[in-house]
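Dropping start22.csv in here (CSV, N, CA, C and O atoms):
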```csv
chain,number,residue,atom,x,y,z
A,1,MET,N,0.8,-1.2,0.0
A,1,MET,CA,0.0,0.0,0.0
A,1,MET,C,0.9,1.3,0.0
A,1,MET,O,0.5,2.2,-0.6
A,2,ARG,N,2.0,1.2,0.7
A,2,ARG,CA,2.9,2.3,0.8
A,2,ARG,C,3.4,2.7,-0.5
A,2,ARG,O,3.5,3.8,-0.9
A,3,TYR,N,3.8,1.6,-1.3
A,3,TYR,CA,4.4,1.9,-2.6
A,3,TYR,C,3.4,2.4,-3.6
A,3,TYR,O,3.7,3.3,-4.4
A,4,ARG,N,2.1,2.0,-3.4
A,4,ARG,CA,1.1,2.5,-4.3
A,4,ARG,C,0.8,4.0,-4.0
A,4,ARG,O,0.6,4.7,-5.0
A,5,LEU,N,0.8,4.3,-2.8
A,5,LEU,CA,0.6,5.8,-2.4
A,5,LEU,C,1.8,6.6,-2.9
A,5,LEU,O,1.6,7.7,-3.4
A,6,THR,N,3.0,6.1,-2.8
A,6,THR,CA,4.2,6.8,-3.3
A,6,THR,C,4.1,7.0,-4.9
A,6,THR,O,4.4,8.0,-5.4
A,7,PHE,N,3.6,5.9,-5.5
A,7,PHE,CA,3.5,6.0,-7.0
A,7,PHE,C,2.4,7.0,-7.4
A,7,PHE,O,2.7,7.8,-8.3
A,8,VAL,N,1.3,7.0,-6.7
A,8,VAL,CA,0.2,8.0,-7.0
A,8,VAL,C,0.7,9.4,-6.7
A,8,VAL,O,0.4,10.3,-7.5
A,9,GLY,N,1.4,9.5,-5.6
A,9,GLY,CA,2.0,10.9,-5.3
A,9,GLY,C,3.0,11.3,-6.3
A,9,GLY,O,3.0,12.5,-6.7
A,10,GLY,N,3.8,10.5,-6.9
A,10,GLY,CA,4.7,10.8,-7.9
A,10,GLY,C,4.0,11.2,-9.2
A,10,GLY,O,4.4,12.2,-9.9
A,11,LEU,N,2.9,10.5,-9.5
A,11,LEU,CA,2.1,10.8,-10.7
A,11,LEU,C,1.5,12.2,-10.5
A,11,LEU,O,1.5,13.0,-11.5
A,12,ALA,N,1.0,12.5,-9.3
A,12,ALA,CA,0.4,13.8,-9.1
A,12,ALA,C,1.4,14.9,-9.2
A,12,ALA,O,1.1,16.0,-9.8
A,13,LEU,N,2.6,14.7,-8.6
A,13,LEU,CA,3.6,15.7,-8.7
A,13,LEU,C,4.1,15.9,-10.1
A,13,LEU,O,4.2,17.1,-10.5
A,14,GLY,N,4.2,14.9,-10.9
A,14,GLY,CA,4.6,15.0,-12.3
A,14,GLY,C,3.6,15.8,-13.1
A,14,GLY,O,3.9,16.6,-13.9
A,15,TYR,N,2.3,15.5,-12.8
A,15,TYR,CA,1.2,16.2,-13.5
A,15,TYR,C,1.3,17.7,-13.2
A,15,TYR,O,1.2,18.5,-14.1
A,16,VAL,N,1.4,18.0,-11.9
A,16,VAL,CA,1.4,19.4,-11.5
A,16,VAL,C,2.6,20.2,-12.1
A,16,VAL,O,2.5,21.2,-12.7
A,17,LEU,N,3.8,19.5,-12.1
A,17,LEU,CA,5.0,20.2,-12.6
A,17,LEU,C,4.8,20.3,-14.2
A,17,LEU,O,5.3,21.3,-14.8
A,18,GLY,N,4.3,19.3,-14.8
A,18,GLY,CA,4.1,19.3,-16.2
A,18,GLY,C,3.1,20.4,-16.7
A,18,GLY,O,3.3,21.0,-17.7
A,19,THR,N,2.1,20.6,-15.9
A,19,THR,CA,1.1,21.6,-16.3
A,19,THR,C,1.7,23.0,-16.1
A,19,THR,O,1.3,23.9,-16.8
A,20,LYS,N,2.6,23.1,-15.1
A,20,LYS,CA,3.2,24.4,-14.8
A,20,LYS,C,4.1,24.8,-16.0
A,20,LYS,O,4.3,26.0,-16.3
A,21,ALA,N,4.8,23.8,-16.5
A,21,ALA,CA,5.7,24.0,-17.7
A,21,ALA,C,4.9,24.5,-18.9
A,21,ALA,O,5.4,25.4,-19.6
A,22,GLY,N,3.7,24.0,-19.0
A,22,GLY,CA,2.8,24.5,-20.0
A,22,GLY,C,3.0,24.0,-21.4
A,22,GLY,O,3.9,23.2,-21.7
A,23,ARG,N,2.0,24.3,-22.2
A,23,ARG,CA,2.0,23.8,-23.6
A,23,ARG,C,3.1,24.3,-24.4
A,23,ARG,O,3.7,23.7,-25.3
A,24,GLU,N,3.6,25.6,-24.1
A,24,GLU,CA,4.7,26.2,-24.9
A,24,GLU,C,5.9,25.4,-24.8
A,24,GLU,O,6.6,25.1,-25.8
A,25,ARG,N,6.3,25.0,-23.6
A,25,ARG,CA,7.5,24.1,-23.4
A,25,ARG,C,7.3,22.8,-24.0
A,25,ARG,O,8.3,22.2,-24.6
A,26,TYR,N,6.1,22.2,-24.0
A,26,TYR,CA,5.9,20.9,-24.6
A,26,TYR,C,6.1,21.0,-26.1
A,26,TYR,O,6.8,20.2,-26.7
A,27,GLU,N,5.6,22.1,-26.7
A,27,GLU,CA,5.8,22.3,-28.2
A,27,GLU,C,7.2,22.5,-28.5
A,27,GLU,O,7.7,22.0,-29.5
A,28,GLN,N,8.0,23.2,-27.6
A,28,GLN,CA,9.4,23.4,-27.9
A,28,GLN,C,10.2,22.1,-27.8
A,28,GLN,O,11.0,21.8,-28.7
A,29,LEU,N,9.9,21.3,-26.9
A,29,LEU,CA,10.5,20.0,-26.8
A,29,LEU,C,10.2,19.1,-28.0
A,29,LEU,O,11.0,18.4,-28.5
A,30,LYS,N,8.9,19.1,-28.4
A,30,LYS,CA,8.5,18.3,-29.5
A,30,LYS,C,9.2,18.8,-30.8
A,30,LYS,O,9.6,17.9,-31.6
A,31,LYS,N,9.3,20.1,-31.0
A,31,LYS,CA,10.0,20.6,-32.1
A,31,LYS,C,11.5,20.2,-32.1
A,31,LYS,O,12.1,19.7,-33.2
A,32,SER,N,12.1,20.2,-31.0
A,32,SER,CA,13.5,19.8,-30.8
A,32,SER,C,13.7,18.3,-31.2
A,32,SER,O,14.6,17.9,-31.9
A,33,ALA,N,12.8,17.5,-30.7
A,33,ALA,CA,12.8,16.1,-30.9
A,33,ALA,C,12.7,15.8,-32.4
A,33,ALA,O,13.3,14.9,-33.0
A,34,ARG,N,11.8,16.5,-33.1
A,34,ARG,CA,11.5,16.3,-34.5
A,34,ARG,C,12.8,16.7,-35.3
A,34,ARG,O,13.1,16.0,-36.2
A,35,GLN,N,13.5,17.8,-34.9
A,35,GLN,CA,14.7,18.2,-35.6
A,35,GLN,C,15.8,17.1,-35.5
A,35,GLN,O,16.5,16.9,-36.4
A,36,VAL,N,15.9,16.6,-34.3
A,36,VAL,CA,16.9,15.5,-34.1
A,36,VAL,C,16.6,14.3,-34.9
A,36,VAL,O,17.4,13.7,-35.6
A,37,ALA,N,15.3,13.9,-34.9
A,37,ALA,CA,14.9,12.7,-35.7
A,37,ALA,C,15.1,12.9,-37.2
A,37,ALA,O,15.3,12.0,-37.9
A,38,GLN,N,15.0,14.2,-37.7
A,38,GLN,CA,15.1,14.4,-39.1
A,38,GLN,C,16.6,14.7,-39.5
A,38,GLN,O,16.8,14.9,-40.7
A,39,ASN,N,17.5,14.8,-38.6
A,39,ASN,CA,18.9,15.0,-38.9
A,39,ASN,C,19.4,13.8,-39.7
A,39,ASN,O,19.3,12.7,-39.3
A,40,PRO,N,20.1,14.1,-40.8
A,40,PRO,CA,20.6,13.0,-41.7
A,40,PRO,C,21.6,12.1,-40.9
A,40,PRO,O,21.5,10.9,-41.2
A,41,ALA,N,22.4,12.7,-40.1
A,41,ALA,CA,23.3,11.8,-39.4
A,41,ALA,C,22.6,10.9,-38.4
A,41,ALA,O,23.0,9.7,-38.3
A,42,VAL,N,21.6,11.3,-37.8
A,42,VAL,CA,20.8,10.5,-36.9
A,42,VAL,C,20.1,9.4,-37.7
A,42,VAL,O,20.1,8.2,-37.3
A,43,ARG,N,19.5,9.8,-38.8
A,43,ARG,CA,18.8,8.8,-39.6
A,43,ARG,C,19.7,7.8,-40.2
A,43,ARG,O,19.4,6.6,-40.2
A,44,ASN,N,20.9,8.2,-40.6
A,44,ASN,CA,21.9,7.2,-41.1
A,44,ASN,C,22.4,6.2,-40.1
A,44,ASN,O,22.5,5.0,-40.3
A,45,THR,N,22.6,6.8,-38.9
A,45,THR,CA,23.0,5.9,-37.8
A,45,THR,C,21.9,4.9,-37.4
A,45,THR,O,22.2,3.8,-37.2
A,46,ALA,N,20.7,5.4,-37.4
A,46,ALA,CA,19.5,4.5,-37.1
A,46,ALA,C,19.4,3.4,-38.1
A,46,ALA,O,19.2,2.2,-37.8
A,47,GLU,N,19.6,3.7,-39.4
A,47,GLU,CA,19.5,2.7,-40.5
A,47,GLU,C,20.6,1.7,-40.4
A,47,GLU,O,20.4,0.5,-40.6
A,48,THR,N,21.8,2.2,-40.1
A,48,THR,CA,23.0,1.4,-39.9
A,48,THR,C,22.8,0.4,-38.8
A,48,THR,O,23.0,-0.8,-38.9
A,49,ALA,N,22.2,0.9,-37.7
A,49,ALA,CA,21.9,0.0,-36.5
A,49,ALA,C,20.9,-1.0,-36.9
A,49,ALA,O,21.0,-2.2,-36.5
A,50,ALA,N,19.9,-0.6,-37.7
A,50,ALA,CA,18.9,-1.6,-38.1
A,50,ALA,C,19.4,-2.7,-39.0
A,50,ALA,O,19.1,-3.8,-38.8
A,51,GLN,N,20.3,-2.3,-39.9
A,51,GLN,CA,20.9,-3.3,-40.8
A,51,GLN,C,21.8,-4.2,-40.0
A,51,GLN,O,21.8,-5.4,-40.2
A,52,GLN,N,22.6,-3.7,-39.1
A,52,GLN,CA,23.4,-4.6,-38.2
A,52,GLN,C,22.6,-5.5,-37.4
A,52,GLN,O,22.9,-6.7,-37.2
A,53,GLY,N,21.5,-5.0,-36.9
A,53,GLY,CA,20.6,-5.8,-36.1
A,53,GLY,C,20.0,-7.0,-36.9
A,53,GLY,O,19.9,-8.1,-36.5
A,54,ARG,N,19.6,-6.7,-38.2
A,54,ARG,CA,19.1,-7.7,-39.1
A,54,ARG,C,20.2,-8.8,-39.4
A,54,ARG,O,20.0,-10.0,-39.4
A,55,GLN,N,21.5,-8.3,-39.5
A,55,GLN,CA,22.6,-9.2,-39.8
A,55,GLN,C,22.8,-10.1,-38.6
A,55,GLN,O,23.0,-11.3,-38.7
A,56,PHE,N,22.9,-9.5,-37.4
A,56,PHE,CA,23.1,-10.3,-36.2
A,56,PHE,C,21.9,-11.3,-36.0
A,56,PHE,O,22.2,-12.4,-35.5
A,57,ALA,N,20.7,-10.9,-36.2
A,57,ALA,CA,19.6,-11.8,-36.1
A,57,ALA,C,19.7,-12.9,-37.0
A,57,ALA,O,19.4,-14.1,-36.7
A,58,GLY,N,20.1,-12.7,-38.3
A,58,GLY,CA,20.3,-13.8,-39.2
A,58,GLY,C,21.4,-14.8,-38.7
A,58,GLY,O,21.2,-16.0,-38.8
A,59,LYS,N,22.5,-14.2,-38.2
A,59,LYS,CA,23.6,-15.1,-37.7
A,59,LYS,C,23.1,-15.9,-36.5
A,59,LYS,O,23.4,-17.1,-36.4
A,60,ALA,N,22.3,-15.3,-35.6
A,60,ALA,CA,21.8,-16.0,-34.5
A,60,ALA,C,20.8,-17.0,-34.9
A,60,ALA,O,20.8,-18.1,-34.3
A,61,TYR,N,20.0,-16.7,-35.9
A,61,TYR,CA,19.0,-17.7,-36.4
A,61,TYR,C,19.8,-19.0,-36.9
A,61,TYR,O,19.4,-20.1,-36.5
A,62,HIS,N,20.8,-18.8,-37.7
A,62,HIS,CA,21.6,-19.9,-38.2
A,62,HIS,C,22.3,-20.7,-37.1
A,62,HIS,O,22.3,-21.9,-37.1
A,63,ALA,N,22.8,-20.0,-36.1
A,63,ALA,CA,23.5,-20.6,-35.0
A,63,ALA,C,22.6,-21.5,-34.2
A,63,ALA,O,22.8,-22.6,-33.8
A,64,VAL,N,21.4,-20.9,-33.9
A,64,VAL,CA,20.4,-21.6,-33.1
A,64,VAL,C,19.8,-22.8,-33.9
A,64,VAL,O,19.7,-23.9,-33.4
A,65,SER,N,19.6,-22.6,-35.2
A,65,SER,CA,19.0,-23.7,-36.0
A,65,SER,C,20.0,-24.8,-36.1
A,65,SER,O,19.5,-26.0,-36.2
A,66,GLU,N,21.3,-24.6,-36.2
A,66,GLU,CA,22.3,-25.6,-36.3
A,66,GLU,C,22.3,-26.5,-35.0
A,66,GLU,O,22.4,-27.7,-35.0
A,67,LYS,N,22.2,-25.8,-33.8
A,67,LYS,CA,22.2,-26.5,-32.5
A,67,LYS,C,20.9,-27.2,-32.2
A,67,LYS,O,20.9,-28.2,-31.6
A,68,VAL,N,19.8,-26.6,-32.6
A,68,VAL,CA,18.5,-27.1,-32.2
A,68,VAL,C,18.1,-28.2,-33.2
A,68,VAL,O,17.6,-29.3,-32.8
A,69,GLY,N,18.3,-28.0,-34.4
A,69,GLY,CA,18.0,-28.9,-35.5
A,69,GLY,C,16.5,-29.3,-35.5
A,69,GLY,O,15.7,-28.5,-35.6
A,70,ASP,N,16.3,-30.6,-35.4
A,70,ASP,CA,14.9,-31.1,-35.6
A,70,ASP,C,14.2,-31.2,-34.2
A,70,ASP,O,13.1,-31.8,-34.1
A,71,ARG,N,14.8,-30.7,-33.2
A,71,ARG,CA,14.2,-30.8,-31.9
A,71,ARG,C,13.1,-29.7,-31.6
A,71,ARG,O,12.7,-29.5,-30.5
A,72,VAL,N,12.8,-28.9,-32.6
A,72,VAL,CA,11.8,-27.8,-32.5
A,72,VAL,C,10.4,-28.4,-32.5
A,72,VAL,O,10.1,-29.3,-33.3
A,73,PRO,N,9.6,-28.0,-31.6
A,73,PRO,CA,8.2,-28.5,-31.6
A,73,PRO,C,7.5,-28.2,-32.9
A,73,PRO,O,7.8,-27.1,-33.5
A,74,ASP,N,6.6,-29.0,-33.3
A,74,ASP,CA,5.9,-28.8,-34.6
A,74,ASP,C,5.1,-27.5,-34.6
A,74,ASP,O,5.1,-26.8,-35.7
A,75,SER,N,4.6,-27.0,-33.5
A,75,SER,CA,3.8,-25.7,-33.5
A,75,SER,C,4.7,-24.6,-33.9
A,75,SER,O,4.4,-23.7,-34.6
A,76,VAL,N,6.0,-24.6,-33.3
A,76,VAL,CA,6.9,-23.6,-33.6
A,76,VAL,C,7.4,-23.6,-35.1
A,76,VAL,O,7.5,-22.6,-35.8
A,77,ALA,N,7.7,-24.8,-35.5
A,77,ALA,CA,8.1,-25.0,-36.9
A,77,ALA,C,7.0,-24.5,-37.9
A,77,ALA,O,7.3,-23.9,-38.9
A,78,GLN,N,5.8,-24.8,-37.6
A,78,GLN,CA,4.7,-24.4,-38.5
A,78,GLN,C,4.6,-22.8,-38.5
A,78,GLN,O,4.3,-22.2,-39.5
A,79,ARG,N,4.8,-22.2,-37.3
A,79,ARG,CA,4.7,-20.8,-37.2
A,79,ARG,C,5.8,-20.1,-38.0
A,79,ARG,O,5.6,-19.2,-38.8
A,80,VAL,N,7.0,-20.7,-38.0
A,80,VAL,CA,8.1,-20.1,-38.7
A,80,VAL,C,7.9,-20.3,-40.2
A,80,VAL,O,8.1,-19.4,-41.0
A,81,ARG,N,7.4,-21.5,-40.6
A,81,ARG,CA,7.1,-21.7,-42.0
A,81,ARG,C,6.0,-20.7,-42.5
A,81,ARG,O,6.1,-20.1,-43.6
A,82,SER,N,5.0,-20.4,-41.7
A,82,SER,CA,3.9,-19.5,-42.2
A,82,SER,C,4.4,-18.1,-42.3
A,82,SER,O,4.1,-17.4,-43.2
A,83,LEU,N,5.3,-17.7,-41.4
A,83,LEU,CA,5.9,-16.4,-41.5
A,83,LEU,C,6.8,-16.3,-42.7
A,83,LEU,O,6.8,-15.2,-43.4
A,84,ARG,N,7.6,-17.3,-43.0
A,84,ARG,CA,8.4,-17.3,-44.2
A,84,ARG,C,7.5,-17.2,-45.5
A,84,ARG,O,7.8,-16.4,-46.4
A,85,GLU,N,6.5,-17.9,-45.5
A,85,GLU,CA,5.6,-17.9,-46.7
A,85,GLU,C,4.9,-16.5,-46.8
A,85,GLU,O,4.8,-16.0,-47.9
A,86,ARG,N,4.5,-16.0,-45.7
A,86,ARG,CA,3.9,-14.6,-45.8
A,86,ARG,C,4.8,-13.6,-46.3
A,86,ARG,O,4.5,-12.8,-47.1
A,87,ASN,N,6.1,-13.6,-45.8
A,87,ASN,CA,7.1,-12.7,-46.2
A,87,ASN,C,7.4,-12.9,-47.7
A,87,ASN,O,7.7,-11.9,-48.4
A,88,ALA,N,7.5,-14.1,-48.1
A,88,ALA,CA,7.8,-14.4,-49.5
A,88,ALA,C,6.6,-14.0,-50.5
A,88,ALA,O,6.9,-13.6,-51.6
A,89,ASN,N,5.4,-14.1,-50.0
A,89,ASN,CA,4.3,-13.8,-50.8
A,89,ASN,C,3.8,-12.4,-50.9
A,89,ASN,O,3.3,-12.0,-51.9
A,90,GLY,N,4.1,-11.6,-49.9
A,90,GLY,CA,3.5,-10.3,-50.0
A,90,GLY,C,4.3,-9.1,-49.3
A,90,GLY,O,4.6,-8.2,-50.0
A,91,SER,N,4.6,-9.2,-48.1
A,91,SER,CA,5.2,-8.1,-47.4
A,91,SER,C,6.7,-8.2,-47.4
A,91,SER,O,7.3,-8.0,-46.3
A,92,ALA,N,7.3,-8.3,-48.5
A,92,ALA,CA,8.7,-8.4,-48.6
A,92,ALA,C,9.4,-7.1,-48.3
A,92,ALA,O,10.6,-7.0,-48.0
A,93,GLY,N,8.6,-6.0,-48.4
A,93,GLY,CA,9.2,-4.7,-48.2
A,93,GLY,C,9.3,-4.3,-46.7
A,93,GLY,O,10.1,-3.4,-46.4
A,94,GLU,N,8.5,-5.0,-45.9
A,94,GLU,CA,8.6,-4.7,-44.4
A,94,GLU,C,8.8,-5.9,-43.6
A,94,GLU,O,8.3,-7.0,-44.0
A,95,ASP,N,9.4,-5.8,-42.5
A,95,ASP,CA,9.5,-7.0,-41.6
A,95,ASP,C,8.4,-6.9,-40.6
A,95,ASP,O,7.5,-6.0,-40.6
A,96,ASP,N,8.4,-7.8,-39.6
A,96,ASP,CA,7.3,-7.8,-38.6
A,96,ASP,C,7.3,-6.6,-37.7
A,96,ASP,O,6.3,-6.4,-37.0
A,97,TRP,N,8.4,-5.9,-37.7
A,97,TRP,CA,8.5,-4.7,-36.8
A,97,TRP,C,8.0,-3.5,-37.5
A,97,TRP,O,8.0,-2.4,-36.9
A,98,GLY,N,7.7,-3.5,-38.8
A,98,GLY,CA,7.2,-2.3,-39.5
A,98,GLY,C,8.3,-1.5,-40.1
A,98,GLY,O,8.1,-0.4,-40.4
A,99,THR,N,9.5,-2.1,-40.1
A,99,THR,CA,10.7,-1.3,-40.7
A,99,THR,C,11.0,-1.9,-42.0
A,99,THR,O,10.7,-3.0,-42.3
A,100,SER,N,11.6,-1.1,-42.8
A,100,SER,CA,11.9,-1.5,-44.2
A,100,SER,C,13.1,-2.5,-44.2
A,100,SER,O,14.0,-2.4,-43.3
A,101,ASN,N,13.2,-3.4,-45.1
A,101,ASN,CA,14.3,-4.3,-45.3
A,101,ASN,C,15.3,-3.9,-46.3
A,101,ASN,O,15.9,-4.7,-47.0
A,102,THR,N,15.5,-2.6,-46.5
A,102,THR,CA,16.4,-2.1,-47.5
A,102,THR,C,17.8,-2.0,-47.1
A,102,THR,O,18.1,-2.0,-45.9
```
Write-out of the structure in structure tokens:
Amino acid sequence: MRYRLTFVGGLALGYVLGTKAGRERYEQLKKSARQVAQNPAVRNTAETAAQQGRQFAGKAYHAVSEKVGDRVPDSVAQRVRSLRERNANGSAGEDDWGTSNT
């Protein structure tokens, strides 16, 4: 109960401080965040990180599949097959996370 009261008190304090900062400060922070997100260096870094993540995921997939082999339950194997078919048939431009595979 004590932790719940502390949490509610923190929420109330955050709300009061947030409303005192006002809409103008919120818009200013939002504009700054948008400028950072649209910065070409940031976008390139994010795309590079995404590509590296896909490469590491592919390597991990192969390493796990070599070690696991045929010991995967049928339900999991069917799910993987259906995801592969779906990606091959239609949504090859995007992965399950909504990002491009370029």
- Message: Rounded to one decimal, what separation in Å do you get between atom N of Arg54 in chain A and atom O of Lys31 in chain A?
- Response: 27.9 Å
- Task: Please identify which residues in chain A DSSP calls helix (DSSP H, G or I) from the backbone, and express them as a PyMOL selection string.
- Result: chain A and resi 2-37+40-71+74-89
- Item | Atomic distance atom C of Pro40 in chain A - atom N of Gly58 in chain A, expressed in Å with one decimal | 25.0 Å
What would range 5-15 of chain A look like with all heavy atoms in place, written as a PDB file, in the coordinates of the input?
```pdb
ATOM      1  N   LEU A   5       0.800   4.300  -2.800  1.00  0.00           N
ATOM      2  CA  LEU A   5       0.600   5.800  -2.400  1.00  0.00           C
ATOM      3  C   LEU A   5       1.800   6.600  -2.900  1.00  0.00           C
ATOM      4  O   LEU A   5       1.600   7.700  -3.400  1.00  0.00           O
ATOM      5  CB  LEU A   5       0.462   5.932  -0.924  1.00  0.00           C
ATOM      6  CG  LEU A   5      -0.852   5.428  -0.328  1.00  0.00           C
ATOM      7  CD1 LEU A   5      -0.822   5.541   1.189  1.00  0.00           C
ATOM      8  CD2 LEU A   5      -2.021   6.221  -0.890  1.00  0.00           C
ATOM      9  N   THR A   6       3.000   6.100  -2.800  1.00  0.00           N
ATOM     10  CA  THR A   6       4.200   6.800  -3.300  1.00  0.00           C
ATOM     11  C   THR A   6       4.100   7.000  -4.900  1.00  0.00           C
ATOM     12  O   THR A   6       4.400   8.000  -5.400  1.00  0.00           O
ATOM     13  CB  THR A   6       5.455   6.014  -2.992  1.00  0.00           C
ATOM     14  OG1 THR A   6       5.499   5.828  -1.585  1.00  0.00           O
ATOM     15  CG2 THR A   6       6.688   6.761  -3.445  1.00  0.00           C
ATOM     16  N   PHE A   7       3.600   5.900  -5.500  1.00  0.00           N
ATOM     17  CA  PHE A   7       3.500   6.000  -7.000  1.00  0.00           C
ATOM     18  C   PHE A   7       2.400   7.000  -7.400  1.00  0.00           C
ATOM     19  O   PHE A   7       2.700   7.800  -8.300  1.00  0.00           O
ATOM     20  CB  PHE A   7       3.104   4.607  -7.544  1.00  0.00           C
ATOM     21  CG  PHE A   7       2.903   4.586  -9.029  1.00  0.00           C
ATOM     22  CD1 PHE A   7       3.982   4.680  -9.890  1.00  0.00           C
ATOM     23  CD2 PHE A   7       1.627   4.489  -9.559  1.00  0.00           C
ATOM     24  CE1 PHE A   7       3.801   4.669 -11.255  1.00  0.00           C
ATOM     25  CE2 PHE A   7       1.434   4.475 -10.927  1.00  0.00           C
ATOM     26  CZ  PHE A   7       2.523   4.566 -11.775  1.00  0.00           C
ATOM     27  N   VAL A   8       1.300   7.000  -6.700  1.00  0.00           N
ATOM     28  CA  VAL A   8       0.200   8.000  -7.000  1.00  0.00           C
ATOM     29  C   VAL A   8       0.700   9.400  -6.700  1.00  0.00           C
ATOM     30  O   VAL A   8       0.400  10.300  -7.500  1.00  0.00           O
ATOM     31  CB  VAL A   8      -1.059   7.602  -6.248  1.00  0.00           C
ATOM     32  CG1 VAL A   8      -2.103   8.711  -6.357  1.00  0.00           C
ATOM     33  CG2 VAL A   8      -1.626   6.293  -6.759  1.00  0.00           C
ATOM     34  N   GLY A   9       1.400   9.500  -5.600  1.00  0.00           N
ATOM     35  CA  GLY A   9       2.000  10.900  -5.300  1.00  0.00           C
ATOM     36  C   GLY A   9       3.000  11.300  -6.300  1.00  0.00           C
ATOM     37  O   GLY A   9       3.000  12.500  -6.700  1.00  0.00           O
ATOM     38  N   GLY A  10       3.800  10.500  -6.900  1.00  0.00           N
ATOM     39  CA  GLY A  10       4.700  10.800  -7.900  1.00  0.00           C
ATOM     40  C   GLY A  10       4.000  11.200  -9.200  1.00  0.00           C
ATOM     41  O   GLY A  10       4.400  12.200  -9.900  1.00  0.00           O
ATOM     42  N   LEU A  11       2.900  10.500  -9.500  1.00  0.00           N
ATOM     43  CA  LEU A  11       2.100  10.800 -10.700  1.00  0.00           C
ATOM     44  C   LEU A  11       1.500  12.200 -10.500  1.00  0.00           C
ATOM     45  O   LEU A  11       1.500  13.000 -11.500  1.00  0.00           O
ATOM     46  CB  LEU A  11       1.013   9.822 -10.924  1.00  0.00           C
ATOM     47  CG  LEU A  11       1.417   8.502 -11.554  1.00  0.00           C
ATOM     48  CD1 LEU A  11       0.215   7.576 -11.636  1.00  0.00           C
ATOM     49  CD2 LEU A  11       1.991   8.723 -12.931  1.00  0.00           C
ATOM     50  N   ALA A  12       1.000  12.500  -9.300  1.00  0.00           N
ATOM     51  CA  ALA A  12       0.400  13.800  -9.100  1.00  0.00           C
ATOM     52  C   ALA A  12       1.400  14.900  -9.200  1.00  0.00           C
ATOM     53  O   ALA A  12       1.100  16.000  -9.800  1.00  0.00           O
ATOM     54  CB  ALA A  12      -0.319  13.807  -7.728  1.00  0.00           C
ATOM     55  N   LEU A  13       2.600  14.700  -8.600  1.00  0.00           N
ATOM     56  CA  LEU A  13       3.600  15.700  -8.700  1.00  0.00           C
ATOM     57  C   LEU A  13       4.100  15.900 -10.100  1.00  0.00           C
ATOM     58  O   LEU A  13       4.200  17.100 -10.500  1.00  0.00           O
ATOM     59  CB  LEU A  13       4.799  15.270  -7.801  1.00  0.00           C
ATOM     60  CG  LEU A  13       5.996  16.220  -7.762  1.00  0.00           C
ATOM     61  CD1 LEU A  13       5.581  17.532  -7.118  1.00  0.00           C
ATOM     62  CD2 LEU A  13       7.139  15.581  -7.003  1.00  0.00           C
ATOM     63  N   GLY A  14       4.200  14.900 -10.900  1.00  0.00           N
ATOM     64  CA  GLY A  14       4.600  15.000 -12.300  1.00  0.00           C
ATOM     65  C   GLY A  14       3.600  15.800 -13.100  1.00  0.00           C
ATOM     66  O   GLY A  14       3.900  16.600 -13.900  1.00  0.00           O
ATOM     67  N   TYR A  15       2.300  15.500 -12.800  1.00  0.00           N
ATOM     68  CA  TYR A  15       1.200  16.200 -13.500  1.00  0.00           C
ATOM     69  C   TYR A  15       1.300  17.700 -13.200  1.00  0.00           C
ATOM     70  O   TYR A  15       1.200  18.500 -14.100  1.00  0.00           O
ATOM     71  CB  TYR A  15      -0.126  15.607 -13.111  1.00  0.00           C
ATOM     72  CG  TYR A  15      -1.279  16.332 -13.739  1.00  0.00           C
ATOM     73  CD1 TYR A  15      -1.593  16.129 -15.076  1.00  0.00           C
ATOM     74  CD2 TYR A  15      -2.041  17.241 -13.019  1.00  0.00           C
ATOM     75  CE1 TYR A  15      -2.638  16.799 -15.678  1.00  0.00           C
ATOM     76  CE2 TYR A  15      -3.091  17.917 -13.600  1.00  0.00           C
ATOM     77  CZ  TYR A  15      -3.384  17.695 -14.932  1.00  0.00           C
ATOM     78  OH  TYR A  15      -4.414  18.367 -15.517  1.00  0.00           O
TER      79      TYR A  15
END
```
